[in-house]
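To keep things clear, I will list the structure first and then write my remarks on it.
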Amino acid sequence: TGLTLTFLALLLLAGMGQARVAFSPLDEGLLCSLQAWRGPTMNAAVRLVTDLGSPLVLTGLVALAGLLGWPSRAPAERFGPLGILLAASLVSAGLKEWFARPRPGPEFGPLVHEPLASFPSGHAMLAFCVYGLLAWQVWRAPVSGFLKASLVALMTSLVVGIGLSRVYLAAHYPSDVVAGFAAGVPLLWLATVLLRSPRATRDPQEAQRR
C-alpha cells in the first residue's frame, strides 16, 4: 500500500509539474474565489495559520517536542519529526529548482512575497510530513482515546489549513499545494516504516533496566 501510494504521488507530482507557465482554469478560479474572503481580520488569522507551516516554527516545535520526550521517549521517535523536516526541506528545495514554476503574479494580489519557485508548496509539504508524522506517533501512543482523537484531528486540520492559507495569500496555486502534499507522501511513508522497527521504538530507560 505504501509503495502504491508513493508511486501514485510521484506520478501526480510529475504530471502537474509540467505546467510551468500555463495554469489550469481551476487553479485561477480557486485563487480568485478565496480572495473574496479577504479582509484585515481574516488576513491576520491566515498569516498566523501559514506561519505554523514555516520551517522556523516547525523546527522549534519538533525540537521542543523531542527534548521533552513527546510523544515517545525512544530517541528515534523523539527526533524523527526533526529528521523528516530536514529531509522534506531538502527535497522541496530540489523540486522547486527542478520545476521552476513562477509564483502567482501581481494580478492575484499576493499578500506575501517568497524568493523561491512556486512548485511544489514547501509549507504544504513540510506541514504534511511533520504534522502527519506527529499524528501517526500520537495515534500509536498509549494515551486516552479522546485525547488521541483530538490531537490527530487538530494536526490534520493544521495540514489542511496551512495548505489553504498558501492559496488564500496567493503565495501558491492550488496545484502547488496538492503537489506539496503528494511529495510528502513518500517521505512520510518511509519515516513510518523506519520508526516501526523494534530498535527505533525502544525506550532507553526500559532497555537499561533489562
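Each chain in the C-alpha cells gets a letter, A, B, ..., in the order shown, and its residues are numbered from 1; ligands are numbered from 1 in order too.
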Where in stretch 10-200 of chain A does DSSP assign alpha helix (DSSP H), given as an MDAnalysis selection string?
-> chainID A and resid 10:17 25:35 40:51 55:67 75:99 122:140 145:168 174:195
8 Å contact set for A:Cys129, only C-alpha atoms, chain neighbours under 3 positions out, as a VMD selection string = chain A and resid 81 84 to 85 88 125 to 126 132 to 133 184 to 185 187 to 188
Saved selection, atoms kept: all heavy atoms, as a short mmCIF file (atom, residue, chain, number, x, y, z; two decimals), in the first residue's frame:
```
data_model
loop_
_atom_site.label_atom_id
_atom_site.label_comp_id
_atom_site.auth_asym_id
_atom_site.auth_seq_id
_atom_site.Cartn_x
_atom_site.Cartn_y
_atom_site.Cartn_z
N PRO A 81 10.56 13.48 13.85
CA PRO A 81 9.98 14.64 13.16
C PRO A 81 11.02 15.65 12.71
O PRO A 81 10.86 16.30 11.67
CB PRO A 81 9.04 15.24 14.22
CG PRO A 81 8.64 14.07 15.07
CD PRO A 81 9.89 13.22 15.14
N ILE A 84 12.54 14.18 9.48
CA ILE A 84 11.68 14.29 8.31
C ILE A 84 11.54 15.75 7.87
O ILE A 84 11.39 16.05 6.69
CB ILE A 84 10.30 13.65 8.56
CG1 ILE A 84 9.60 13.37 7.22
CG2 ILE A 84 9.41 14.54 9.42
CD1 ILE A 84 8.29 12.62 7.37
N LEU A 85 11.63 16.67 8.82
CA LEU A 85 11.61 18.09 8.48
C LEU A 85 12.82 18.46 7.63
O LEU A 85 12.70 19.16 6.61
CB LEU A 85 11.58 18.94 9.75
CG LEU A 85 11.71 20.46 9.57
CD1 LEU A 85 10.56 21.00 8.72
CD2 LEU A 85 11.74 21.15 10.93
N ALA A 88 12.42 16.77 4.16
CA ALA A 88 11.40 17.44 3.35
C ALA A 88 11.88 18.79 2.85
O ALA A 88 11.58 19.19 1.72
CB ALA A 88 10.12 17.60 4.16
N MET A 125 4.17 20.86 1.99
CA MET A 125 4.95 19.63 2.10
C MET A 125 5.49 19.42 3.51
O MET A 125 5.39 18.34 4.08
CB MET A 125 6.09 19.66 1.10
CG MET A 125 6.92 18.40 1.04
SD MET A 125 8.19 18.50 -0.23
CE MET A 125 9.02 16.92 0.01
N LEU A 126 6.07 20.47 4.09
CA LEU A 126 6.63 20.36 5.44
C LEU A 126 5.53 20.08 6.46
O LEU A 126 5.71 19.26 7.37
CB LEU A 126 7.38 21.63 5.81
CG LEU A 126 8.59 22.00 4.96
CD1 LEU A 126 9.29 23.23 5.53
CD2 LEU A 126 9.57 20.85 4.86
N GLY A 132 1.91 15.21 9.98
CA GLY A 132 1.47 13.85 9.68
C GLY A 132 2.21 12.82 10.50
O GLY A 132 1.60 11.87 11.03
N LEU A 133 3.53 12.99 10.65
CA LEU A 133 4.30 12.04 11.46
C LEU A 133 3.94 12.16 12.93
O LEU A 133 3.82 11.14 13.63
CB LEU A 133 5.79 12.29 11.25
CG LEU A 133 6.72 11.30 11.96
CD1 LEU A 133 6.45 9.87 11.51
CD2 LEU A 133 8.18 11.67 11.72
N GLY A 184 5.05 14.85 -0.14
CA GLY A 184 5.28 14.43 1.24
C GLY A 184 4.91 12.98 1.52
O GLY A 184 5.37 12.41 2.51
N VAL A 185 4.08 12.38 0.65
CA VAL A 185 3.63 11.00 0.87
C VAL A 185 4.79 10.02 0.97
O VAL A 185 4.86 9.23 1.93
CB VAL A 185 2.63 10.58 -0.22
CG1 VAL A 185 2.36 9.07 -0.17
CG2 VAL A 185 1.32 11.34 -0.08
N LEU A 187 7.94 10.47 1.75
CA LEU A 187 8.76 10.73 2.93
C LEU A 187 8.06 10.28 4.20
O LEU A 187 8.67 9.68 5.09
CB LEU A 187 9.11 12.22 3.01
CG LEU A 187 10.05 12.75 1.93
CD1 LEU A 187 10.21 14.26 2.08
CD2 LEU A 187 11.40 12.07 2.02
N LEU A 188 6.76 10.57 4.30
CA LEU A 188 6.01 10.18 5.49
C LEU A 188 5.92 8.67 5.58
O LEU A 188 6.08 8.09 6.67
CB LEU A 188 4.62 10.81 5.46
CG LEU A 188 3.71 10.50 6.65
CD1 LEU A 188 4.38 10.92 7.95
CD2 LEU A 188 2.36 11.20 6.50
#
```
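Distance annotation: of A:Thr156, A:Val167, A:Gly105, A:Gly122, the residue with the minimal separation from A:Ala182 is A:Gly122; atom set is only C-alpha atoms.
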Counting only C-alpha atoms, what is within 12 Å of A:Leu116, bar same-chain residues fewer than 2 positions away, as JSON, numbers by chain?
-> {"A": [92, 93, 94, 95, 96, 97, 98, 99, 100, 101, 102, 103, 113, 114, 118, 119, 120, 121, 122, 123, 171, 172]}
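What separates atom CA of A:Ser89 from atom CA of A:Ile162 is a distance of 16.0 Å.
Minimum atom-to-atom distance to A:Leu194, evaluated using only C-alpha atoms, belongs to A:Ala76 out of A:Leu8, A:Leu58, A:Ala87, A:Ala76.
Between A:Pro186 and the candidates A:Phe128, A:Gly69, A:Glu77, A:Ser33, the tightest atom-to-atom separation, counting only C-alpha atoms, involves A:Phe128.
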Surrounding residues of A:Ala141 excluding itself and chain neighbours under 2 positions, 12 Å, only C-alpha atoms, as a list in words | Trp70, Pro71, Ser72, Arg73, Ala74, Glu77, Leu134, Ala135, Trp136, Gln137, Val138, Trp139, Val143, Ser144, Gly145, Leu147, Lys148, Ala149, Leu151, Val152 and Thr201 of chain A
Using atom CA of A:Leu158 and atom CA of A:Ala124 as the two end points, give the distance in Å to one decimal.
-> 10.0 Å
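Atom CA of A:Ala183 is found 28.5 Å from atom CA of A:Trp37.
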